[in-house]
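Pasted below: run25.tsv, TSV, C-alpha atoms.
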```tsv
chain	number	residue	atom	x	y	z
Y	1	MET	CA	23.97	-3.50	9.93
Y	2	ASN	CA	23.66	-4.56	13.58
Y	3	GLU	CA	19.97	-3.59	13.67
Y	4	VAL	CA	19.05	-5.73	10.65
Y	5	ARG	CA	17.77	-9.19	11.54
Y	6	PHE	CA	17.62	-12.29	9.35
Y	7	LEU	CA	14.71	-14.57	10.26
Y	8	ASN	CA	14.03	-17.95	8.69
Y	9	ALA	CA	10.52	-18.20	7.22
Y	10	GLY	CA	10.32	-21.89	6.43
Y	11	ASP	CA	12.90	-23.64	4.27
Y	12	THR	CA	12.50	-21.46	1.14
Y	13	ALA	CA	12.29	-17.90	2.48
Y	14	VAL	CA	14.07	-15.48	4.79
Y	15	THR	CA	12.73	-12.26	6.28
Y	16	VAL	CA	15.20	-9.39	6.40
Y	17	GLU	CA	13.90	-7.09	9.14
Y	18	PHE	CA	15.03	-3.45	9.16
Y	19	GLY	CA	13.23	-2.07	12.18
Y	20	ASN	CA	10.24	-2.19	14.47
Y	21	GLU	CA	8.11	0.74	13.39
Y	22	ILE	CA	6.26	2.19	10.43
Y	23	SER	CA	8.38	4.94	8.93
Y	24	GLU	CA	9.35	6.26	5.52
Y	25	GLU	CA	13.02	6.02	6.50
Y	26	ILE	CA	12.76	2.28	7.11
Y	27	ASN	CA	10.70	1.90	3.95
Y	28	GLY	CA	13.44	3.69	2.01
Y	29	ARG	CA	16.03	1.22	3.28
Y	30	ILE	CA	13.78	-1.69	2.30
Y	31	ARG	CA	13.37	-0.28	-1.21
Y	32	ALA	CA	17.12	0.30	-1.53
Y	33	PHE	CA	17.87	-3.23	-0.33
Y	34	ASN	CA	15.33	-4.68	-2.76
Y	35	ILE	CA	16.91	-2.78	-5.66
Y	36	ALA	CA	20.40	-3.85	-4.58
Y	37	LEU	CA	19.23	-7.46	-4.41
Y	38	GLN	CA	17.63	-7.32	-7.85
Y	39	ASN	CA	20.88	-5.95	-9.29
Y	40	SER	CA	23.16	-8.29	-7.35
Y	41	GLY	CA	22.98	-11.38	-9.51
Y	42	ILE	CA	22.62	-13.61	-6.43
Y	43	PRO	CA	21.38	-16.93	-7.85
Y	44	GLY	CA	18.20	-18.70	-6.77
Y	45	ILE	CA	16.08	-15.66	-5.84
Y	46	VAL	CA	12.46	-16.44	-6.71
Y	47	GLU	CA	10.52	-13.44	-5.38
Y	48	THR	CA	10.76	-10.56	-2.94
Y	49	VAL	CA	7.84	-9.24	-0.87
Y	50	PRO	CA	8.17	-5.87	0.92
Y	51	THR	CA	6.27	-5.21	4.16
Y	52	TYR	CA	6.09	-2.28	6.59
Y	53	ARG	CA	9.45	-3.07	8.15
Y	54	SER	CA	10.99	-5.99	6.29
Y	55	LEU	CA	11.65	-7.68	2.98
Y	56	MET	CA	10.78	-11.35	2.59
Y	57	VAL	CA	13.12	-13.08	0.17
Y	58	HIS	CA	11.87	-16.32	-1.40
Y	59	TYR	CA	14.64	-18.52	-2.77
Y	60	ASP	CA	15.28	-21.92	-4.33
Y	61	PRO	CA	17.33	-24.04	-1.89
Y	62	GLY	CA	18.25	-26.28	-4.81
Y	63	VAL	CA	20.20	-23.36	-6.25
Y	64	ILE	CA	21.49	-21.61	-3.13
Y	65	ARG	CA	21.58	-22.83	0.47
Y	66	TYR	CA	20.61	-20.60	3.35
Y	67	PRO	CA	24.10	-19.97	4.84
Y	68	ALA	CA	25.41	-18.78	1.45
Y	69	LEU	CA	22.28	-16.69	0.87
Y	70	GLU	CA	22.50	-14.98	4.26
Y	71	LYS	CA	26.16	-14.16	3.69
Y	72	ALA	CA	25.38	-12.70	0.25
Y	73	LEU	CA	22.46	-10.66	1.59
Y	74	LYS	CA	24.53	-9.26	4.45
Y	75	GLY	CA	27.12	-8.23	1.89
Y	76	LEU	CA	24.56	-5.89	0.30
Y	77	LEU	CA	23.82	-3.92	3.46
Y	78	GLY	CA	26.93	-1.78	3.39
Y	79	SER	CA	26.15	-0.29	-0.01
Y	80	LEU	CA	22.53	0.80	0.50
Y	81	ASP	CA	23.44	4.49	0.73
Y	82	LYS	CA	24.78	4.29	-2.81
Y	83	VAL	CA	21.60	2.81	-4.29
Y	84	GLN	CA	19.72	5.19	-6.54
Y	85	ILE	CA	16.01	4.88	-5.76
Y	86	PRO	CA	13.94	6.06	-8.74
Y	87	PRO	CA	11.32	8.79	-8.19
Y	88	SER	CA	8.08	7.35	-6.85
Y	89	GLU	CA	4.96	7.32	-8.97
Y	90	VAL	CA	1.69	8.73	-7.65
Y	91	LEU	CA	-1.56	7.00	-8.56
Y	92	GLU	CA	-4.49	9.41	-8.65
Y	93	ILE	CA	-7.51	7.58	-7.26
Y	94	PRO	CA	-10.97	9.21	-7.56
Y	95	VAL	CA	-13.34	8.70	-4.61
Y	96	LEU	CA	-17.06	9.27	-4.21
Y	97	TYR	CA	-17.21	10.18	-0.52
Y	98	GLY	CA	-20.19	9.58	1.76
Y	99	GLY	CA	-23.68	8.29	1.01
Y	100	GLU	CA	-24.17	4.58	0.40
Y	101	GLU	CA	-20.57	4.36	-0.73
Y	102	GLY	CA	-19.25	5.83	2.53
Y	103	PRO	CA	-21.70	4.86	5.27
Y	104	ASP	CA	-19.27	5.62	8.11
Y	105	LEU	CA	-18.19	9.09	6.96
Y	106	ASN	CA	-20.56	10.84	9.36
Y	107	PHE	CA	-19.24	8.77	12.28
Y	108	VAL	CA	-15.64	9.59	11.36
Y	109	ALA	CA	-16.56	13.28	11.25
Y	110	GLU	CA	-18.33	13.13	14.63
Y	111	HIS	CA	-15.43	11.19	16.19
Y	112	ALA	CA	-12.95	13.76	14.89
Y	113	GLY	CA	-15.10	16.72	15.85
Y	114	LYS	CA	-15.12	17.98	12.28
Y	115	SER	CA	-17.57	18.50	9.47
Y	116	VAL	CA	-17.95	15.96	6.68
Y	117	ASP	CA	-16.42	18.39	4.21
Y	118	GLU	CA	-13.42	18.89	6.51
Y	119	VAL	CA	-12.84	15.13	6.75
Y	120	ILE	CA	-12.99	14.80	2.96
Y	121	ALA	CA	-10.53	17.68	2.53
Y	122	ILE	CA	-8.14	16.24	5.13
Y	123	HIS	CA	-8.34	12.69	3.77
Y	124	SER	CA	-7.80	13.74	0.16
Y	125	ALA	CA	-4.91	16.13	0.87
Y	126	PRO	CA	-1.85	13.86	1.38
Y	127	GLU	CA	0.05	11.63	-0.98
Y	128	TYR	CA	-0.05	8.29	0.83
Y	129	LEU	CA	2.94	5.95	0.66
Y	130	ILE	CA	2.00	2.36	-0.20
Y	131	TYR	CA	4.03	0.48	2.38
Y	132	MET	CA	2.78	-2.95	1.42
Y	133	LEU	CA	0.04	-4.98	-0.23
Y	134	GLY	CA	-1.78	-7.79	1.52
Y	135	PHE	CA	-4.91	-9.27	3.10
Y	136	THR	CA	-6.48	-9.57	-0.37
Y	137	PRO	CA	-4.91	-9.07	-3.83
Y	138	GLY	CA	-4.06	-5.39	-4.17
Y	139	PHE	CA	-5.19	-4.26	-0.70
Y	140	THR	CA	-3.14	-1.14	0.03
Y	141	TYR	CA	-1.64	-0.43	3.46
Y	142	LEU	CA	-1.01	3.30	3.32
Y	143	GLY	CA	0.98	5.62	5.54
Y	144	GLY	CA	0.69	9.35	6.06
Y	145	MET	CA	-2.90	9.88	7.16
Y	146	ASP	CA	-3.54	13.01	9.21
Y	147	GLU	CA	-3.87	12.14	12.91
Y	148	SER	CA	-6.87	14.43	13.27
Y	149	ILE	CA	-9.14	11.88	11.55
Y	150	VAL	CA	-7.80	8.74	13.25
Y	151	THR	CA	-10.84	6.54	13.96
Y	152	PRO	CA	-11.07	3.09	15.59
Y	153	ARG	CA	-12.18	0.03	13.66
Y	154	LEU	CA	-15.77	-1.15	13.75
Y	155	LYS	CA	-16.60	-3.13	16.90
Y	156	THR	CA	-18.29	-5.73	14.69
Y	157	PRO	CA	-16.71	-6.25	11.24
Y	158	ARG	CA	-18.94	-6.33	8.19
Y	159	VAL	CA	-19.40	-9.68	6.47
Y	160	LYS	CA	-19.10	-8.10	3.01
Y	161	ILE	CA	-17.53	-4.83	1.95
Y	162	PRO	CA	-17.88	-3.82	-1.73
Y	163	ALA	CA	-14.81	-3.68	-3.92
Y	164	GLY	CA	-13.40	-0.17	-4.19
Y	165	SER	CA	-14.45	0.86	-0.69
Y	166	VAL	CA	-12.09	3.35	0.96
Y	167	GLY	CA	-11.75	2.92	4.69
Y	168	ILE	CA	-10.06	4.13	7.85
Y	169	ALA	CA	-8.84	1.92	10.71
Y	170	GLY	CA	-6.93	3.67	13.47
Y	171	ALA	CA	-4.20	5.71	11.80
Y	172	GLN	CA	-4.37	3.75	8.56
Y	173	THR	CA	-6.38	4.20	5.39
Y	174	GLY	CA	-6.71	1.95	2.37
Y	175	VAL	CA	-8.83	0.57	-0.46
Y	176	TYR	CA	-10.62	-2.78	-0.52
Y	177	PRO	CA	-9.81	-4.20	-3.99
Y	178	ILE	CA	-12.40	-7.00	-3.96
Y	179	ASP	CA	-15.62	-7.82	-2.11
Y	180	SER	CA	-14.48	-9.10	1.29
Y	181	PRO	CA	-15.17	-9.01	5.02
Y	182	GLY	CA	-13.62	-6.13	6.93
Y	183	GLY	CA	-13.78	-3.91	9.97
Y	184	TRP	CA	-12.60	-0.55	8.63
Y	185	GLN	CA	-14.74	2.59	8.76
Y	186	LEU	CA	-15.98	3.15	5.19
Y	187	ILE	CA	-15.84	6.77	4.04
Y	188	GLY	CA	-16.20	6.42	0.27
Y	189	GLN	CA	-15.67	4.26	-2.79
Y	190	THR	CA	-13.55	4.43	-5.92
Y	191	PRO	CA	-14.75	3.16	-9.30
Y	192	VAL	CA	-11.15	2.29	-10.17
Y	193	ARG	CA	-10.49	-1.44	-10.11
Y	194	MET	CA	-7.44	-1.97	-7.93
Y	195	TYR	CA	-7.50	-5.67	-8.85
Y	196	ALA	CA	-8.69	-7.11	-12.16
Y	197	PRO	CA	-7.56	-10.70	-12.85
Y	198	GLU	CA	-8.11	-10.40	-16.61
Y	199	ARG	CA	-5.63	-7.53	-16.98
Y	200	GLU	CA	-2.06	-8.16	-18.09
Y	201	LYS	CA	-1.05	-6.57	-14.78
Y	202	PRO	CA	-3.90	-7.64	-12.47
Y	203	ILE	CA	-2.89	-5.55	-9.45
Y	204	LEU	CA	-2.84	-1.80	-10.09
Y	205	PRO	CA	-0.88	-0.46	-7.09
Y	206	GLU	CA	2.69	-1.38	-6.15
Y	207	ALA	CA	4.53	-1.08	-2.85
Y	208	GLY	CA	6.69	2.05	-2.94
Y	209	GLN	CA	4.22	4.04	-5.02
Y	210	TYR	CA	1.97	6.74	-3.56
Y	211	ILE	CA	-1.78	7.22	-3.77
Y	212	LYS	CA	-3.49	10.60	-4.02
Y	213	PHE	CA	-7.24	10.46	-3.46
Y	214	TYR	CA	-9.44	13.14	-4.99
Y	215	PRO	CA	-13.20	13.69	-4.55
Y	216	ILE	CA	-15.58	13.14	-7.46
Y	217	THR	CA	-19.30	13.51	-8.08
Y	218	ARG	CA	-21.84	10.74	-8.72
Y	219	ALA	CA	-21.80	11.53	-12.44
Y	220	GLU	CA	-18.01	11.29	-12.56
Y	221	TYR	CA	-18.15	8.03	-10.62
Y	222	ASP	CA	-20.63	6.50	-13.05
Y	223	LYS	CA	-18.58	7.63	-16.06
Y	224	ILE	CA	-15.36	6.09	-14.73
Y	225	ALA	CA	-17.20	2.90	-13.67
Y	226	ALA	CA	-18.51	2.53	-17.24
Y	227	GLN	CA	-15.01	3.00	-18.62
Y	228	GLU	CA	-13.67	0.40	-16.20
Y	229	ALA	CA	-16.38	-2.06	-17.28
Y	230	ALA	CA	-15.41	-1.48	-20.92
Y	231	GLY	CA	-11.73	-1.86	-20.14
Y	232	THR	CA	-10.89	1.64	-21.42
Y	233	TYR	CA	-10.13	3.51	-18.20
Y	234	VAL	CA	-6.51	4.49	-17.64
Y	235	CYS	CA	-5.60	5.50	-14.11
Y	236	LYS	CA	-4.05	8.95	-13.91
Y	237	ARG	CA	-0.54	9.02	-12.49
Y	238	HIS	CA	2.38	11.40	-12.15
Y	239	ALA	CA	5.92	11.45	-10.84
Y	240	ARG	CA	6.15	12.52	-7.22
Y	241	GLU	CA	7.97	15.73	-6.52
Y	242	GLU	CA	10.87	15.39	-4.11
Y	243	GLY	CA	9.93	16.64	-0.67
Y	244	ALA	CA	6.19	16.46	-1.36
Y	245	LYS	CA	3.88	15.70	1.55
```
Turn the structure described in the file into structure tokens.
Amino acid sequence: MNEVRFLNAGDTAVTVEFGNEISEEINGRIRAFNIALQNSGIPGIVETVPTYRSLMVHYDPGVIRYPALEKALKGLLGSLDKVQIPPSEVLEIPVLYGGEEGPDLNFVAEHAGKSVDEVIAIHSAPEYLIYMLGFTPGFTYLGGMDESIVTPRLKTPRVKIPAGSVGIAGAQTGVYPIDSPGGWQLIGQTPVRMYAPEREKPILPEAGQYIKFYPITRAEYDKIAAQEAAGTYVCKRHAREEGAK
């Protein structure tokens, strides 16, 4: 409890900070705390937003004042070990690697001293934890990328990156959900729409889930893209096995 910090974020939010690093252990505590909060019945909670190392709690000061909220939140910390965290879900995201869709794949391979096929195999091997969403709606900040393909950001960011682009920046990898500027090294593109405002649930991924990339061909890409355009594509997903990497 002594390592948890409570930081005011304006007059309607508080950040509960659990550490100062990116780790699955800290993420597990954040998830447990979020579940405990949702089940607590504390009045006035409007929304919670998980990040790499904290949980931002938005509240209505007309319902609960900050001193009472902080006391109630601190009261949840002692029971986190008893919280049952449900098995994580894995989203299976197809990626067309290289070519026009992945213009920086060759650079990543050269920087890593590996072949293009080796980079694809390494990148598509792990199940990546979604630590948080941000930057744009549905942008995934993923953990767990193999250090052997760590690659620095572009020196000059691109003005426009196509939606669905899969990139690497340092030790991170992620998917651009909409057309946007960005400085990540682009290694491929998924036809799956990570953000679609017309859907009942506009944002596909959720913090706490995992993403498993898998390579596809041009023909497979075009088929899935057509299904997405028709609104008939259903993203594959499965329950994550305990202890999986």
List as an mmCIF file with C-alpha atoms, in the coordinates of the input the protein and nucleic acid residues near Y:Gln189, meaning an atom at most 10 Å away when all atoms listed in the file are counted, but skip any in the same chain fewer than 5 places from it.
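Below is the file that was written, result29.cif:
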```
data_model
loop_
_atom_site.group_PDB
_atom_site.id
_atom_site.type_symbol
_atom_site.label_atom_id
_atom_site.label_comp_id
_atom_site.auth_asym_id
_atom_site.auth_seq_id
_atom_site.Cartn_x
_atom_site.Cartn_y
_atom_site.Cartn_z
ATOM 1 C CA ILE Y 93 -7.510 7.580 -7.260
ATOM 2 C CA PRO Y 94 -10.970 9.210 -7.560
ATOM 3 C CA VAL Y 95 -13.340 8.700 -4.610
ATOM 4 C CA LEU Y 96 -17.060 9.270 -4.210
ATOM 5 C CA TYR Y 97 -17.210 10.180 -0.520
ATOM 6 C CA GLY Y 98 -20.190 9.580 1.760
ATOM 7 C CA GLY Y 99 -23.680 8.290 1.010
ATOM 8 C CA GLU Y 100 -24.170 4.580 0.400
ATOM 9 C CA GLU Y 101 -20.570 4.360 -0.730
ATOM 10 C CA GLY Y 102 -19.250 5.830 2.530
ATOM 11 C CA PRO Y 162 -17.880 -3.820 -1.730
ATOM 12 C CA ALA Y 163 -14.810 -3.680 -3.920
ATOM 13 C CA GLY Y 164 -13.400 -0.170 -4.190
ATOM 14 C CA SER Y 165 -14.450 0.860 -0.690
ATOM 15 C CA VAL Y 166 -12.090 3.350 0.960
ATOM 16 C CA GLY Y 167 -11.750 2.920 4.690
ATOM 17 C CA VAL Y 175 -8.830 0.570 -0.460
ATOM 18 C CA TYR Y 176 -10.620 -2.780 -0.520
ATOM 19 C CA PRO Y 215 -13.200 13.690 -4.550
ATOM 20 C CA TYR Y 221 -18.150 8.030 -10.620
#
```
Separation of atom CA of Y:Pro181 and atom CA of Y:Leu154, in Å?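 Computed distance, atom CA of Y:Pro181 to atom CA of Y:Leu154, equals 11.8 Å.
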Stretch 137-150 of chain Y environment, 6 Å, only C-alpha atoms, sequence neighbours closer than 4 positions dropped, as a VMD selection string: chain Y and resid 112 128 to 133 170 to 171 173 to 177 195 203
Extract, using only C-alpha atoms, all DNA, RNA and protein residues at most 9 Å from Y:Asp81, discarding same-chain residues fewer than 4 positions from it, and format them as a CSV table (one decimal) with C-alpha atoms, in the coordinates of the input.
```csv
chain,number,residue,atom,x,y,z
Y,29,ARG,CA,16.0,1.2,3.3
Y,32,ALA,CA,17.1,0.3,-1.5
Y,77,LEU,CA,23.8,-3.9,3.5
```
Closest of Y:Leu73, Y:Tyr210, Y:Val14, Y:Val57 to Y:Pro126 - atom-to-atom distances counting all atoms listed in the file: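 Among Y:Leu73, Y:Tyr210, Y:Val14, Y:Val57, it is Y:Tyr210 that comes nearest to Y:Pro126.
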Quote the spacing between atom CA of Y:Val49 and atom CA of Y:Lys201 in Å to one decimal place.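 So the two atoms, atom CA of Y:Val49 and atom CA of Y:Lys201, lie 16.7 Å apart.
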Straight-line distance linking atom CA of Y:Ala239 with atom CA of Y:Glu89, stated in Å to one decimal: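 Taking atom CA of Y:Ala239 and atom CA of Y:Glu89, their separation equals 4.6 Å.
Compared by their closest atoms to Y:Ile45, and using only C-alpha atoms, the residues Y:Leu186, Y:Thr12, Y:Gly19, Y:Phe33 rank with Y:Thr12 nearest.
Shortest separation to Y:Pro43 among Y:Val159, Y:Val90, Y:Ile216, Y:Val63 occurs at residue Y:Val63, atoms counted being all atoms listed in the file.
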At most 12 Å is the cut-off: for each residue in stretch 84-193 of chain Y with any atom that close to an atom of stretch 228-233 of chain Y, write down the nearest atom pair and the distance in Å rounded to one decimal, counting only C-alpha atoms, chain first then increasing number, as CSV.
```
residue,atom,partner,partner_atom,distance
Y:Ile93,CA,Y:Tyr233,CA,12.0
Y:Thr190,CA,Y:Glu228,CA,11.0
Y:Pro191,CA,Y:Glu228,CA,7.5
Y:Val192,CA,Y:Glu228,CA,6.8
Y:Arg193,CA,Y:Glu228,CA,7.1
```
Y:Ala109: which residues within 10 Å, counting all atoms listed in the file, same-chain residues fewer than 2 positions away excluded, as a list in words?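 Those residues are Asp104, Leu105, Asn106, Phe107, His111, Ala112, Gly113, Lys114, Ser115, Val116, Asp117, Glu118, Val119, Ile120, Ser148, Ile149, Thr151 and Ile187 of chain Y.
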Pick the closest to Y:Arg240 from Y:Ala125, Y:Ala72, Y:Ile211, Y:Ile35: which is it, counting only C-alpha atoms?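 Going through Y:Ala125, Y:Ala72, Y:Ile211, Y:Ile35 one by one, the smallest distance to Y:Arg240 is for Y:Ile211.
Close to (11.4, -13.4, -2.5), meaning no more than 6 Å away when counting all atoms listed in the file, sit the residues Val46, Glu47, Thr48, Val49, Met56, Val57 and His58 of chain Y.
Closest to Y:Thr15 among Y:Ser88, Y:Asn27, Y:Ser40, Y:Ser54 is Y:Ser54, based on only C-alpha atoms.
Checking Y:Leu80, Y:Cys235, Y:Ile26, Y:Val4 one by one against Y:Lys212, counting all atoms listed in the file, you find the shortest gap at Y:Cys235.
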Limit the output to N, CA and C atoms and give stretch 156-188 of chain Y as a PDB file, in the first residue's frame.
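Below you can see result08.pdb, which holds the result:
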```pdb
ATOM      1  N   THR Y 156      12.052  11.379 -38.825  1.00  0.00           N
ATOM      2  CA  THR Y 156      11.025  12.332 -39.247  1.00  0.00           C
ATOM      3  C   THR Y 156       9.694  11.604 -39.351  1.00  0.00           C
ATOM      4  N   PRO Y 157       8.732  11.900 -38.474  1.00  0.00           N
ATOM      5  CA  PRO Y 157       7.438  11.198 -38.516  1.00  0.00           C
ATOM      6  C   PRO Y 157       6.710  11.426 -39.834  1.00  0.00           C
ATOM      7  N   ARG Y 158       5.919  10.453 -40.224  1.00  0.00           N
ATOM      8  CA  ARG Y 158       5.080  10.589 -41.411  1.00  0.00           C
ATOM      9  C   ARG Y 158       3.874  11.465 -41.082  1.00  0.00           C
ATOM     10  N   VAL Y 159       3.429  12.220 -42.069  1.00  0.00           N
ATOM     11  CA  VAL Y 159       2.257  13.079 -41.893  1.00  0.00           C
ATOM     12  C   VAL Y 159       0.986  12.247 -41.832  1.00  0.00           C
ATOM     13  N   LYS Y 160       0.942  11.152 -42.615  1.00  0.00           N
ATOM     14  CA  LYS Y 160      -0.251  10.303 -42.639  1.00  0.00           C
ATOM     15  C   LYS Y 160       0.142   8.842 -42.729  1.00  0.00           C
ATOM     16  N   ILE Y 161      -0.327   8.074 -41.764  1.00  0.00           N
ATOM     17  CA  ILE Y 161      -0.144   6.627 -41.755  1.00  0.00           C
ATOM     18  C   ILE Y 161      -1.508   5.991 -41.949  1.00  0.00           C
ATOM     19  N   PRO Y 162      -1.652   5.025 -42.861  1.00  0.00           N
ATOM     20  CA  PRO Y 162      -2.963   4.415 -43.120  1.00  0.00           C
ATOM     21  C   PRO Y 162      -3.490   3.625 -41.930  1.00  0.00           C
ATOM     22  N   ALA Y 163      -4.789   3.656 -41.758  1.00  0.00           N
ATOM     23  CA  ALA Y 163      -5.430   2.857 -40.720  1.00  0.00           C
ATOM     24  C   ALA Y 163      -5.079   1.386 -40.892  1.00  0.00           C
ATOM     25  N   GLY Y 164      -4.835   0.703 -39.783  1.00  0.00           N
ATOM     26  CA  GLY Y 164      -4.495  -0.708 -39.825  1.00  0.00           C
ATOM     27  C   GLY Y 164      -3.006  -0.983 -39.864  1.00  0.00           C
ATOM     28  N   SER Y 165      -2.194   0.063 -40.018  1.00  0.00           N
ATOM     29  CA  SER Y 165      -0.750  -0.132 -40.093  1.00  0.00           C
ATOM     30  C   SER Y 165      -0.216  -0.667 -38.766  1.00  0.00           C
ATOM     31  N   VAL Y 166       0.669  -1.652 -38.865  1.00  0.00           N
ATOM     32  CA  VAL Y 166       1.312  -2.248 -37.697  1.00  0.00           C
ATOM     33  C   VAL Y 166       2.736  -1.727 -37.638  1.00  0.00           C
ATOM     34  N   GLY Y 167       3.105  -1.181 -36.492  1.00  0.00           N
ATOM     35  CA  GLY Y 167       4.408  -0.541 -36.398  1.00  0.00           C
ATOM     36  C   GLY Y 167       5.212  -0.961 -35.187  1.00  0.00           C
ATOM     37  N   ILE Y 168       6.499  -0.581 -35.227  1.00  0.00           N
ATOM     38  CA  ILE Y 168       7.428  -0.803 -34.125  1.00  0.00           C
ATOM     39  C   ILE Y 168       8.066   0.528 -33.779  1.00  0.00           C
ATOM     40  N   ALA Y 169       8.168   0.806 -32.478  1.00  0.00           N
ATOM     41  CA  ALA Y 169       8.863   2.008 -32.001  1.00  0.00           C
ATOM     42  C   ALA Y 169       9.610   1.632 -30.737  1.00  0.00           C
ATOM     43  N   GLY Y 170      10.939   1.533 -30.831  1.00  0.00           N
ATOM     44  CA  GLY Y 170      11.696   1.068 -29.681  1.00  0.00           C
ATOM     45  C   GLY Y 170      11.310  -0.366 -29.370  1.00  0.00           C
ATOM     46  N   ALA Y 171      10.916  -0.610 -28.120  1.00  0.00           N
ATOM     47  CA  ALA Y 171      10.536  -1.959 -27.693  1.00  0.00           C
ATOM     48  C   ALA Y 171       9.037  -2.182 -27.756  1.00  0.00           C
ATOM     49  N   GLN Y 172       8.317  -1.251 -28.365  1.00  0.00           N
ATOM     50  CA  GLN Y 172       6.871  -1.353 -28.436  1.00  0.00           C
ATOM     51  C   GLN Y 172       6.407  -1.696 -29.854  1.00  0.00           C
ATOM     52  N   THR Y 173       5.247  -2.307 -29.926  1.00  0.00           N
ATOM     53  CA  THR Y 173       4.585  -2.525 -31.204  1.00  0.00           C
ATOM     54  C   THR Y 173       3.109  -2.219 -31.018  1.00  0.00           C
ATOM     55  N   GLY Y 174       2.433  -1.891 -32.114  1.00  0.00           N
ATOM     56  CA  GLY Y 174       1.025  -1.544 -32.011  1.00  0.00           C
ATOM     57  C   GLY Y 174       0.397  -1.359 -33.373  1.00  0.00           C
ATOM     58  N   VAL Y 175      -0.902  -1.070 -33.366  1.00  0.00           N
ATOM     59  CA  VAL Y 175      -1.685  -0.918 -34.596  1.00  0.00           C
ATOM     60  C   VAL Y 175      -2.300   0.475 -34.636  1.00  0.00           C
ATOM     61  N   TYR Y 176      -2.124   1.161 -35.760  1.00  0.00           N
ATOM     62  CA  TYR Y 176      -2.779   2.454 -35.954  1.00  0.00           C
ATOM     63  C   TYR Y 176      -4.230   2.199 -36.365  1.00  0.00           C
ATOM     64  N   PRO Y 177      -5.213   2.616 -35.551  1.00  0.00           N
ATOM     65  CA  PRO Y 177      -6.611   2.292 -35.865  1.00  0.00           C
ATOM     66  C   PRO Y 177      -7.256   3.212 -36.892  1.00  0.00           C
ATOM     67  N   ILE Y 178      -6.716   4.422 -37.060  1.00  0.00           N
ATOM     68  CA  ILE Y 178      -7.252   5.366 -38.038  1.00  0.00           C
ATOM     69  C   ILE Y 178      -6.083   6.024 -38.770  1.00  0.00           C
ATOM     70  N   ASP Y 179      -6.380   6.666 -39.908  1.00  0.00           N
ATOM     71  CA  ASP Y 179      -5.347   7.445 -40.588  1.00  0.00           C
ATOM     72  C   ASP Y 179      -4.864   8.539 -39.633  1.00  0.00           C
ATOM     73  N   SER Y 180      -3.553   8.640 -39.442  1.00  0.00           N
ATOM     74  CA  SER Y 180      -3.035   9.636 -38.506  1.00  0.00           C
ATOM     75  C   SER Y 180      -1.549   9.840 -38.739  1.00  0.00           C
ATOM     76  N   PRO Y 181      -0.979  10.936 -38.228  1.00  0.00           N
ATOM     77  CA  PRO Y 181       0.471  11.080 -38.260  1.00  0.00           C
ATOM     78  C   PRO Y 181       1.104  10.042 -37.341  1.00  0.00           C
ATOM     79  N   GLY Y 182       2.403   9.808 -37.504  1.00  0.00           N
ATOM     80  CA  GLY Y 182       3.071   8.867 -36.619  1.00  0.00           C
ATOM     81  C   GLY Y 182       4.516   8.648 -37.012  1.00  0.00           C
ATOM     82  N   GLY Y 183       5.304   8.209 -36.028  1.00  0.00           N
ATOM     83  CA  GLY Y 183       6.725   8.017 -36.275  1.00  0.00           C
ATOM     84  C   GLY Y 183       7.206   6.599 -36.082  1.00  0.00           C
ATOM     85  N   TRP Y 184       6.284   5.630 -36.044  1.00  0.00           N
ATOM     86  CA  TRP Y 184       6.681   4.243 -35.850  1.00  0.00           C
ATOM     87  C   TRP Y 184       7.125   3.616 -37.167  1.00  0.00           C
ATOM     88  N   GLN Y 185       7.999   2.620 -37.069  1.00  0.00           N
ATOM     89  CA  GLN Y 185       8.461   1.874 -38.240  1.00  0.00           C
ATOM     90  C   GLN Y 185       7.342   0.923 -38.671  1.00  0.00           C
ATOM     91  N   LEU Y 186       6.855   1.075 -39.892  1.00  0.00           N
ATOM     92  CA  LEU Y 186       5.722   0.291 -40.373  1.00  0.00           C
ATOM     93  C   LEU Y 186       6.199  -1.013 -40.999  1.00  0.00           C
ATOM     94  N   ILE Y 187       5.701  -2.136 -40.451  1.00  0.00           N
ATOM     95  CA  ILE Y 187       6.144  -3.446 -40.937  1.00  0.00           C
ATOM     96  C   ILE Y 187       5.027  -4.230 -41.614  1.00  0.00           C
ATOM     97  N   GLY Y 188       3.802  -3.751 -41.554  1.00  0.00           N
ATOM     98  CA  GLY Y 188       2.687  -4.457 -42.169  1.00  0.00           C
ATOM     99  C   GLY Y 188       1.386  -3.731 -41.948  1.00  0.00           C
TER     100      GLY Y 188
END
```
